[in-house]
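See below for model20.cif, which holds mmCIF, C-alpha atoms, pLDDT in the B column; chains and numbers go by the auth columns.
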```
data_run
#
loop_
_atom_site.group_PDB
_atom_site.id
_atom_site.type_symbol
_atom_site.label_atom_id
_atom_site.label_comp_id
_atom_site.label_asym_id
_atom_site.label_seq_id
_atom_site.Cartn_x
_atom_site.Cartn_y
_atom_site.Cartn_z
_atom_site.B_iso_or_equiv
_atom_site.auth_seq_id
_atom_site.auth_asym_id
ATOM 1 C CA MET A 1 15.846 4.731 0.491 65.00 1 A
ATOM 2 C CA ALA A 2 15.153 3.480 3.989 78.00 2 A
ATOM 3 C CA THR A 3 13.661 -0.004 4.172 88.00 3 A
ATOM 4 C CA PRO A 4 9.894 0.355 3.809 91.00 4 A
ATOM 5 C CA LYS A 5 8.143 -0.348 7.090 93.00 5 A
ATOM 6 C CA PRO A 6 4.603 -1.766 6.918 97.00 6 A
ATOM 7 C CA ARG A 7 2.047 -0.811 9.558 97.00 7 A
ATOM 8 C CA VAL A 8 -1.383 -2.393 9.874 98.00 8 A
ATOM 9 C CA LYS A 9 -4.340 -1.869 12.156 98.00 9 A
ATOM 10 C CA VAL A 10 -6.526 -4.962 12.552 97.00 10 A
ATOM 11 C CA PRO A 11 -8.900 -5.620 15.464 97.00 11 A
ATOM 12 C CA LYS A 12 -7.651 -8.455 17.720 97.00 12 A
ATOM 13 C CA THR A 13 -11.127 -9.965 18.001 97.00 13 A
ATOM 14 C CA ALA A 14 -14.331 -10.049 15.990 97.00 14 A
ATOM 15 C CA SER A 15 -17.725 -11.665 16.329 97.00 15 A
ATOM 16 C CA GLN A 16 -18.816 -14.382 13.886 96.00 16 A
ATOM 17 C CA GLY A 17 -19.764 -12.808 10.549 96.00 17 A
ATOM 18 C CA GLU A 18 -18.599 -9.317 11.515 97.00 18 A
ATOM 19 C CA VAL A 19 -17.271 -7.001 8.807 98.00 19 A
ATOM 20 C CA ILE A 20 -14.120 -5.394 10.190 98.00 20 A
ATOM 21 C CA THR A 21 -12.171 -2.410 8.891 98.00 21 A
ATOM 22 C CA ILE A 22 -8.459 -2.834 8.210 98.00 22 A
ATOM 23 C CA LYS A 23 -6.063 0.098 7.811 98.00 23 A
ATOM 24 C CA THR A 24 -2.604 -0.304 6.316 98.00 24 A
ATOM 25 C CA LEU A 25 0.297 1.979 5.541 98.00 25 A
ATOM 26 C CA ILE A 26 3.826 1.380 4.324 98.00 26 A
ATOM 27 C CA SER A 27 6.623 3.938 4.405 97.00 27 A
ATOM 28 C CA HIS A 28 7.733 4.406 0.790 97.00 28 A
ATOM 29 C CA PRO A 29 8.528 7.496 -1.324 96.00 29 A
ATOM 30 C CA MET A 30 6.431 6.275 -4.312 96.00 30 A
ATOM 31 C CA GLU A 31 8.827 7.986 -6.726 96.00 31 A
ATOM 32 C CA SER A 32 6.480 8.838 -9.595 94.00 32 A
ATOM 33 C CA GLY A 33 8.950 9.024 -12.477 93.00 33 A
ATOM 34 C CA GLN A 34 7.626 12.532 -13.243 89.00 34 A
ATOM 35 C CA ARG A 35 10.205 14.410 -11.192 91.00 35 A
ATOM 36 C CA LYS A 36 13.605 15.717 -12.234 91.00 36 A
ATOM 37 C CA ASP A 37 16.712 16.207 -10.128 91.00 37 A
ATOM 38 C CA LYS A 38 18.515 19.527 -9.879 92.00 38 A
ATOM 39 C CA ASP A 39 20.501 18.751 -13.049 93.00 39 A
ATOM 40 C CA GLY A 40 17.299 18.208 -15.015 92.00 40 A
ATOM 41 C CA ASN A 41 17.616 14.437 -15.233 94.00 41 A
ATOM 42 C CA ALA A 42 14.415 12.430 -14.795 93.00 42 A
ATOM 43 C CA ILE A 43 14.309 10.514 -11.514 95.00 43 A
ATOM 44 C CA PRO A 44 13.324 6.941 -12.410 95.00 44 A
ATOM 45 C CA ARG A 45 9.972 5.639 -11.250 95.00 45 A
ATOM 46 C CA GLN A 46 10.033 3.392 -8.198 97.00 46 A
ATOM 47 C CA ILE A 47 6.753 2.643 -6.499 97.00 47 A
ATOM 48 C CA ILE A 48 4.929 -0.052 -4.601 98.00 48 A
ATOM 49 C CA ASN A 49 2.778 -1.390 -7.444 98.00 49 A
ATOM 50 C CA LYS A 50 0.785 -4.127 -5.698 98.00 50 A
ATOM 51 C CA PHE A 51 -0.817 -4.645 -2.322 98.00 51 A
ATOM 52 C CA THR A 52 -2.559 -7.878 -1.297 98.00 52 A
ATOM 53 C CA CYS A 53 -4.437 -8.911 1.836 98.00 53 A
ATOM 54 C CA GLU A 54 -4.991 -12.632 2.389 98.00 54 A
ATOM 55 C CA PHE A 55 -6.887 -14.366 5.185 98.00 55 A
ATOM 56 C CA ASN A 56 -6.033 -18.023 5.884 98.00 56 A
ATOM 57 C CA GLY A 57 -4.484 -18.238 2.419 97.00 57 A
ATOM 58 C CA GLN A 58 -7.394 -16.719 0.473 97.00 58 A
ATOM 59 C CA VAL A 59 -7.244 -13.281 -1.125 98.00 59 A
ATOM 60 C CA VAL A 60 -9.636 -10.839 0.557 98.00 60 A
ATOM 61 C CA PHE A 61 -8.623 -7.588 -1.140 98.00 61 A
ATOM 62 C CA SER A 62 -5.861 -6.395 -3.428 98.00 62 A
ATOM 63 C CA CYS A 63 -4.883 -3.165 -5.124 98.00 63 A
ATOM 64 C CA ASP A 64 -2.819 -2.330 -8.210 98.00 64 A
ATOM 65 C CA MET A 65 -1.153 1.024 -7.673 98.00 65 A
ATOM 66 C CA ASP A 66 0.020 3.584 -10.186 97.00 66 A
ATOM 67 C CA PRO A 67 2.410 6.480 -9.536 97.00 67 A
ATOM 68 C CA ALA A 68 -0.574 8.721 -8.631 97.00 68 A
ATOM 69 C CA VAL A 69 -0.898 6.968 -5.260 98.00 69 A
ATOM 70 C CA SER A 70 0.609 9.205 -2.557 97.00 70 A
ATOM 71 C CA ALA A 71 3.912 8.545 -0.825 97.00 71 A
ATOM 72 C CA ASN A 72 3.571 6.146 2.124 98.00 72 A
ATOM 73 C CA PRO A 73 0.609 4.412 0.439 98.00 73 A
ATOM 74 C CA TYR A 74 -2.438 4.085 2.692 98.00 74 A
ATOM 75 C CA MET A 75 -5.161 1.490 2.181 98.00 75 A
ATOM 76 C CA GLU A 76 -8.341 1.100 4.141 98.00 76 A
ATOM 77 C CA PHE A 77 -10.735 -1.759 3.332 98.00 77 A
ATOM 78 C CA THR A 78 -12.971 -4.363 4.946 98.00 78 A
ATOM 79 C CA ALA A 79 -13.029 -8.099 5.605 98.00 79 A
ATOM 80 C CA LYS A 80 -15.851 -10.378 6.695 97.00 80 A
ATOM 81 C CA ILE A 81 -14.729 -12.669 9.523 97.00 81 A
ATOM 82 C CA ASN A 82 -16.290 -16.154 9.565 96.00 82 A
ATOM 83 C CA GLU A 83 -13.504 -17.982 11.388 97.00 83 A
ATOM 84 C CA PRO A 84 -10.396 -17.206 13.450 97.00 84 A
ATOM 85 C CA GLY A 85 -7.178 -16.971 11.503 98.00 85 A
ATOM 86 C CA THR A 86 -4.274 -14.989 10.183 98.00 86 A
ATOM 87 C CA PHE A 87 -4.161 -12.015 7.869 98.00 87 A
ATOM 88 C CA LYS A 88 -1.149 -11.760 5.616 98.00 88 A
ATOM 89 C CA PHE A 89 -0.374 -8.391 4.021 98.00 89 A
ATOM 90 C CA THR A 90 2.029 -8.149 1.084 98.00 90 A
ATOM 91 C CA TRP A 91 3.455 -5.143 -0.736 98.00 91 A
ATOM 92 C CA VAL A 92 5.483 -5.506 -3.966 98.00 92 A
ATOM 93 C CA ASP A 93 8.022 -2.883 -5.057 98.00 93 A
ATOM 94 C CA ASP A 94 8.907 -2.077 -8.708 97.00 94 A
ATOM 95 C CA ASP A 95 12.386 -3.497 -7.996 96.00 95 A
ATOM 96 C CA GLY A 96 10.860 -6.849 -7.025 97.00 96 A
ATOM 97 C CA SER A 97 11.276 -6.456 -3.261 97.00 97 A
ATOM 98 C CA VAL A 98 8.421 -7.918 -1.242 97.00 98 A
ATOM 99 C CA PHE A 99 7.394 -6.599 2.173 98.00 99 A
ATOM 100 C CA GLU A 100 5.132 -8.679 4.396 97.00 100 A
ATOM 101 C CA THR A 101 3.459 -8.608 7.763 98.00 101 A
ATOM 102 C CA GLU A 102 0.903 -10.821 9.526 98.00 102 A
ATOM 103 C CA ASN A 103 -1.878 -10.305 12.079 97.00 103 A
ATOM 104 C CA LYS A 104 -4.002 -12.834 13.934 97.00 104 A
ATOM 105 C CA ILE A 105 -7.673 -12.417 14.758 98.00 105 A
ATOM 106 C CA VAL A 106 -9.837 -14.502 17.112 97.00 106 A
ATOM 107 C CA ILE A 107 -13.602 -14.962 17.288 96.00 107 A
ATOM 108 C CA GLU A 108 -15.077 -13.863 20.599 90.00 108 A
ATOM 109 C CA PHE B 1 17.260 18.635 -3.091 45.00 1 B
ATOM 110 C CA MET B 2 15.016 18.127 -6.057 46.00 2 B
ATOM 111 C CA VAL B 3 13.041 20.454 -8.264 50.00 3 B
ATOM 112 C CA LEU B 4 10.063 19.914 -10.504 51.00 4 B
ATOM 113 C CA GLY B 5 10.604 19.790 -14.207 48.00 5 B
ATOM 114 C CA PRO B 6 9.640 22.984 -16.030 47.00 6 B
ATOM 115 C CA LYS B 7 6.915 21.217 -17.968 51.00 7 B
ATOM 116 C CA MET B 8 4.696 18.277 -17.305 55.00 8 B
ATOM 117 C CA THR B 9 2.362 16.685 -19.733 58.00 9 B
ATOM 118 C CA TYR B 10 -1.186 16.020 -18.624 63.00 10 B
ATOM 119 C CA ALA B 11 -3.466 13.174 -19.561 59.00 11 B
ATOM 120 C CA ALA B 12 -6.007 14.121 -22.155 69.00 12 B
ATOM 121 C CA THR B 13 -9.690 13.377 -21.811 81.00 13 B
ATOM 122 C CA GLU B 14 -9.308 10.829 -24.642 87.00 14 B
ATOM 123 C CA GLN B 15 -6.741 8.900 -22.585 93.00 15 B
ATOM 124 C CA THR B 16 -9.158 8.803 -19.653 95.00 16 B
ATOM 125 C CA ASP B 17 -12.019 7.644 -21.884 94.00 17 B
ATOM 126 C CA ALA B 18 -9.738 4.966 -23.337 95.00 18 B
ATOM 127 C CA ALA B 19 -8.834 3.796 -19.810 96.00 19 B
ATOM 128 C CA ILE B 20 -12.551 3.560 -18.899 97.00 20 B
ATOM 129 C CA LYS B 21 -13.304 1.570 -22.073 96.00 21 B
ATOM 130 C CA ALA B 22 -10.326 -0.742 -21.452 97.00 22 B
ATOM 131 C CA PHE B 23 -11.701 -1.425 -17.963 97.00 23 B
ATOM 132 C CA THR B 24 -15.343 -1.971 -18.998 97.00 24 B
ATOM 133 C CA GLY B 25 -14.509 -3.871 -22.187 96.00 25 B
ATOM 134 C CA GLY B 26 -15.979 -1.112 -24.335 96.00 26 B
ATOM 135 C CA ALA B 27 -19.297 -0.755 -22.518 95.00 27 B
ATOM 136 C CA GLU B 28 -20.658 2.600 -21.373 96.00 28 B
ATOM 137 C CA PRO B 29 -20.825 2.436 -17.546 97.00 29 B
ATOM 138 C CA ALA B 30 -24.164 3.352 -15.920 97.00 30 B
ATOM 139 C CA LYS B 31 -24.684 5.918 -13.161 96.00 31 B
ATOM 140 C CA GLY B 32 -25.615 4.710 -9.679 95.00 32 B
ATOM 141 C CA LYS B 33 -24.546 1.995 -7.215 97.00 33 B
ATOM 142 C CA ILE B 34 -21.056 3.486 -6.924 98.00 34 B
ATOM 143 C CA SER B 35 -20.267 6.541 -4.841 98.00 35 B
ATOM 144 C CA LEU B 36 -16.945 8.304 -4.819 98.00 36 B
ATOM 145 C CA ASP B 37 -16.001 10.311 -1.745 98.00 37 B
ATOM 146 C CA THR B 38 -13.498 13.123 -2.337 98.00 38 B
ATOM 147 C CA PRO B 39 -12.903 16.520 -0.743 97.00 39 B
ATOM 148 C CA GLU B 40 -14.342 19.491 -2.669 96.00 40 B
ATOM 149 C CA ILE B 41 -11.094 21.370 -2.178 96.00 41 B
ATOM 150 C CA ALA B 42 -7.699 19.743 -1.657 95.00 42 B
ATOM 151 C CA GLU B 43 -5.138 22.151 -0.251 91.00 43 B
ATOM 152 C CA ASN B 44 -2.308 19.712 -0.870 94.00 44 B
ATOM 153 C CA GLY B 45 -2.460 17.753 -4.122 95.00 45 B
ATOM 154 C CA ASN B 46 0.250 15.391 -2.866 95.00 46 B
ATOM 155 C CA THR B 47 -2.119 13.579 -0.586 96.00 47 B
ATOM 156 C CA VAL B 48 -5.832 13.729 -1.339 97.00 48 B
ATOM 157 C CA PRO B 49 -8.093 11.277 0.525 98.00 49 B
ATOM 158 C CA VAL B 50 -10.329 9.263 -1.796 98.00 50 B
ATOM 159 C CA GLY B 51 -12.956 6.737 -0.775 98.00 51 B
ATOM 160 C CA VAL B 52 -15.246 4.559 -2.813 98.00 52 B
ATOM 161 C CA TYR B 53 -18.327 2.542 -1.888 98.00 53 B
ATOM 162 C CA VAL B 54 -20.326 0.232 -4.149 98.00 54 B
ATOM 163 C CA GLU B 55 -23.774 -1.112 -3.308 98.00 55 B
ATOM 164 C CA SER B 56 -23.625 -4.912 -3.501 98.00 56 B
ATOM 165 C CA PRO B 57 -24.675 -7.948 -1.432 97.00 57 B
ATOM 166 C CA MET B 58 -21.038 -9.205 -1.739 98.00 58 B
ATOM 167 C CA THR B 59 -22.038 -12.870 -1.884 97.00 59 B
ATOM 168 C CA ALA B 60 -20.085 -15.596 -3.709 95.00 60 B
ATOM 169 C CA ASP B 61 -22.156 -15.147 -6.905 96.00 61 B
ATOM 170 C CA ASN B 62 -22.997 -11.430 -6.714 97.00 62 B
ATOM 171 C CA TYR B 63 -20.148 -9.140 -5.762 98.00 63 B
ATOM 172 C CA VAL B 64 -18.034 -6.226 -6.916 98.00 64 B
ATOM 173 C CA GLU B 65 -14.959 -7.521 -8.743 98.00 65 B
ATOM 174 C CA SER B 66 -12.969 -4.342 -9.076 98.00 66 B
ATOM 175 C CA VAL B 67 -13.024 -0.557 -8.995 98.00 67 B
ATOM 176 C CA VAL B 68 -10.639 1.592 -11.016 98.00 68 B
ATOM 177 C CA ILE B 69 -9.783 5.131 -9.892 98.00 69 B
ATOM 178 C CA LEU B 70 -8.772 7.595 -12.620 98.00 70 B
ATOM 179 C CA ALA B 71 -7.761 11.272 -12.605 97.00 71 B
ATOM 180 C CA ASP B 72 -8.261 13.099 -15.911 95.00 72 B
ATOM 181 C CA GLY B 73 -5.799 15.949 -15.253 94.00 73 B
ATOM 182 C CA ASN B 74 -2.719 14.001 -14.141 94.00 74 B
ATOM 183 C CA PRO B 75 0.215 13.126 -16.441 91.00 75 B
ATOM 184 C CA ASN B 76 -1.295 9.624 -16.567 93.00 76 B
ATOM 185 C CA PRO B 77 -4.980 9.029 -15.748 95.00 77 B
ATOM 186 C CA ALA B 78 -4.400 5.685 -13.943 96.00 78 B
ATOM 187 C CA VAL B 79 -4.395 5.998 -10.139 98.00 79 B
ATOM 188 C CA ALA B 80 -5.272 2.622 -8.613 98.00 80 B
ATOM 189 C CA THR B 81 -7.445 -0.453 -9.080 98.00 81 B
ATOM 190 C CA PHE B 82 -9.095 -2.145 -6.103 98.00 82 B
ATOM 191 C CA HIS B 83 -9.957 -5.854 -6.364 98.00 83 B
ATOM 192 C CA PHE B 84 -12.668 -7.114 -4.030 98.00 84 B
ATOM 193 C CA THR B 85 -13.918 -10.609 -3.195 98.00 85 B
ATOM 194 C CA ALA B 86 -16.978 -11.969 -1.400 96.00 86 B
ATOM 195 C CA MET B 87 -14.674 -12.114 1.663 97.00 87 B
ATOM 196 C CA SER B 88 -14.462 -8.312 1.608 98.00 88 B
ATOM 197 C CA GLY B 89 -17.967 -8.273 3.101 97.00 89 B
ATOM 198 C CA VAL B 90 -18.513 -4.716 1.850 98.00 90 B
ATOM 199 C CA ALA B 91 -17.188 -3.112 -1.336 98.00 91 B
ATOM 200 C CA GLU B 92 -15.551 -0.130 0.274 98.00 92 B
ATOM 201 C CA ALA B 93 -11.965 1.146 0.165 98.00 93 B
ATOM 202 C CA LYS B 94 -10.047 4.317 0.915 98.00 94 B
ATOM 203 C CA THR B 95 -6.622 5.536 -0.109 98.00 95 B
ATOM 204 C CA ARG B 96 -4.689 8.782 -0.653 98.00 96 B
ATOM 205 C CA ILE B 97 -3.770 10.022 -4.104 98.00 97 B
ATOM 206 C CA ARG B 98 -1.795 12.689 -5.975 97.00 98 B
ATOM 207 C CA LEU B 99 -3.582 15.291 -8.073 96.00 99 B
ATOM 208 C CA ALA B 100 -1.443 17.572 -10.237 94.00 100 B
ATOM 209 C CA LYS B 101 -4.133 20.274 -10.571 94.00 101 B
ATOM 210 C CA THR B 102 -7.881 20.831 -10.307 95.00 102 B
ATOM 211 C CA GLN B 103 -9.535 17.975 -12.179 96.00 103 B
ATOM 212 C CA ASN B 104 -12.108 15.189 -12.180 96.00 104 B
ATOM 213 C CA VAL B 105 -11.604 12.019 -10.194 97.00 105 B
ATOM 214 C CA ILE B 106 -13.478 9.102 -11.725 98.00 106 B
ATOM 215 C CA ALA B 107 -14.357 5.725 -10.212 98.00 107 B
ATOM 216 C CA VAL B 108 -15.710 2.821 -12.273 98.00 108 B
ATOM 217 C CA ALA B 109 -16.946 -0.415 -10.701 98.00 109 B
ATOM 218 C CA LYS B 110 -17.168 -3.794 -12.413 98.00 110 B
ATOM 219 C CA MET B 111 -19.649 -6.272 -10.929 98.00 111 B
ATOM 220 C CA SER B 112 -19.323 -10.066 -11.058 97.00 112 B
ATOM 221 C CA ASP B 113 -22.086 -10.154 -13.726 97.00 113 B
ATOM 222 C CA GLY B 114 -20.007 -7.827 -15.929 97.00 114 B
ATOM 223 C CA SER B 115 -22.152 -4.694 -15.476 97.00 115 B
ATOM 224 C CA THR B 116 -20.275 -1.436 -14.842 98.00 116 B
ATOM 225 C CA PHE B 117 -21.070 1.751 -12.911 98.00 117 B
ATOM 226 C CA ILE B 118 -19.404 5.155 -12.793 98.00 118 B
ATOM 227 C CA ASP B 119 -19.167 8.184 -10.514 98.00 119 B
ATOM 228 C CA THR B 120 -17.215 11.410 -11.090 97.00 120 B
ATOM 229 C CA LYS B 121 -16.233 14.177 -8.658 97.00 121 B
ATOM 230 C CA GLU B 122 -14.339 17.382 -9.328 97.00 122 B
ATOM 231 C CA VAL B 123 -11.568 18.187 -6.852 97.00 123 B
ATOM 232 C CA LYS B 124 -10.191 21.735 -6.677 96.00 124 B
ATOM 233 C CA VAL B 125 -6.468 21.565 -5.984 95.00 125 B
ATOM 234 C CA THR B 126 -4.690 24.517 -4.348 89.00 126 B
ATOM 235 C CA ILE B 127 -1.112 23.186 -4.498 80.00 127 B
ATOM 236 C CA GLY B 128 -0.484 20.640 -7.237 72.00 128 B
ATOM 237 C CA GLY B 129 0.868 17.243 -6.281 67.00 129 B
ATOM 238 C CA CYS B 130 2.778 16.287 -9.370 61.00 130 B
ATOM 239 C CA GLY B 131 5.561 14.386 -7.730 50.00 131 B
ATOM 240 C CA GLY B 132 6.600 17.326 -5.520 43.00 132 B
#
```
Is it possible to express this structure as structure tokens?
Amino acid sequence: MATPKPRVKVPKTASQGEVITIKTLISHPMESGQRKDKDGNAIPRQIINKFTCEFNGQVVFSCDMDPAVSANPYMEFTAKINEPGTFKFTWVDDDGSVFETENKIVIE
Amino acid sequence: FMVLGPKMTYAATEQTDAAIKAFTGGAEPAKGKISLDTPEIAENGNTVPVGVYVESPMTADNYVESVVILADGNPNPAVATFHFTAMSGVAEAKTRIRLAKTQNVIAVAKMSDGSTFIDTKEVKVTIGGCGG
């Protein structure tokens, strides 16, 4: 499996108190555990099971994922901006790997 | 190259009901406040867009805690659980899910006061998305 690559879309600026929309995607096969290989052996489950979005160290939104989430899991959600700061996005794989990315936002 | 198994087992309605009860703590969720947005027909069951919106002021003492998404015709009804906070501003989220066949998608919201709300939408699936 290629190393999962996170992609996020966060506005660079917001006005005080604005509710912004954040879009995230990470490349990942989300192997469901339901499939079999050509020899009939079950392919073991391996998915991203947890996504978290923090802003200045506080959790804004998180999601527990099951194998029914599509490959390259996409999440769209909102955040209310009261101060400038940094978003931290974290994805956790079944194998324990953690993938992270950060985005800054300023108040205009 | 990979092929699908000849047989897949599908979640029974009882399993879905049990998952709802586990989420609500046994309570029967009410209709209203939550709206689930799904396509009427999904040509590709591997990636079906699903959105959910819950009416709430989203203040520190009155907000939507979480929303569980279930699919009653998949091998396992669990799809995803969204966790919101007052910092979400709005209780709204979108993702893309797998649906093995035509079935009901169910969303249940749990508010910070413990009350629960449900919405159900049927999605007709042309090509099943059971891991393929």
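Minimum atom-to-atom distance to chain B, evaluated using all atoms listed in the file, belongs to A:Gln34 out of A:Thr21, A:Thr86, A:Gln34, A:Thr101.
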Exercise: A:Ile22 partners within 7 Å, all atoms listed in the file, chain neighbours under 2 positions left out, as an NGL selection string
:A and (9-10 or 20 or 24 or 76-78)
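Atom CA of B:Val68 lies 14.6 Å from atom CA of B:Ala27.
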Check which residues of chain A sit at most 8 Å from chain B using only C-alpha atoms, and return one row each with the closest pair of atoms and their distance in Å to one decimal, ordered by chain and rising number, as a Markdown table.
```
| residue | atom | partner | partner_atom | distance |
| --- | --- | --- | --- | --- |
| A:Val19 | CA | B:Gly89 | CA | 5.9 |
| A:Glu31 | CA | B:Gly131 | CA | 7.3 |
| A:Ser32 | CA | B:Gly131 | CA | 5.9 |
| A:Gly33 | CA | B:Gly131 | CA | 7.9 |
| A:Gln34 | CA | B:Gly131 | CA | 6.2 |
| A:Arg35 | CA | B:Leu4 | CA | 5.5 |
| A:Lys36 | CA | B:Gly5 | CA | 5.4 |
| A:Asp37 | CA | B:Met2 | CA | 4.8 |
| A:Lys38 | CA | B:Met2 | CA | 5.4 |
| A:Gly40 | CA | B:Gly5 | CA | 6.9 |
| A:Val59 | CA | B:Thr85 | CA | 7.5 |
| A:Val60 | CA | B:Met87 | CA | 5.3 |
| A:Phe61 | CA | B:Phe84 | CA | 5.0 |
| A:Ser62 | CA | B:His83 | CA | 5.1 |
| A:Cys63 | CA | B:Phe82 | CA | 4.4 |
| A:Asp64 | CA | B:Thr81 | CA | 5.1 |
| A:Met65 | CA | B:Ala80 | CA | 4.5 |
| A:Asp66 | CA | B:Val79 | CA | 5.0 |
| A:Pro67 | CA | B:Val79 | CA | 6.8 |
| A:Ala68 | CA | B:Val79 | CA | 4.9 |
| A:Val69 | CA | B:Ile97 | CA | 4.3 |
| A:Ser70 | CA | B:Ile97 | CA | 4.7 |
| A:Ala71 | CA | B:Thr47 | CA | 7.9 |
| A:Pro73 | CA | B:Arg96 | CA | 7.0 |
| A:Tyr74 | CA | B:Thr95 | CA | 5.2 |
| A:Met75 | CA | B:Thr95 | CA | 4.9 |
| A:Glu76 | CA | B:Lys94 | CA | 4.9 |
| A:Phe77 | CA | B:Ala93 | CA | 4.5 |
| A:Thr78 | CA | B:Ser88 | CA | 5.4 |
| A:Ala79 | CA | B:Ser88 | CA | 4.3 |
| A:Lys80 | CA | B:Gly89 | CA | 4.7 |
| A:Ile81 | CA | B:Met87 | CA | 7.9 |
```
Please, what distance in Å, to one decimal, runs between atom CA of A:Pro84 and atom CA of A:Leu25?
23.3 Å
Shell of 12 Å around B:Gly26, all atoms listed in the file, local chain residues under 5 positions omitted, as a list of chain:residue names:
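Listing them by chain and then by number gives B:Asp17, B:Ala18, B:Ala19, B:Ile20, B:Lys21, B:Gly114, B:Ser115, B:Thr116.
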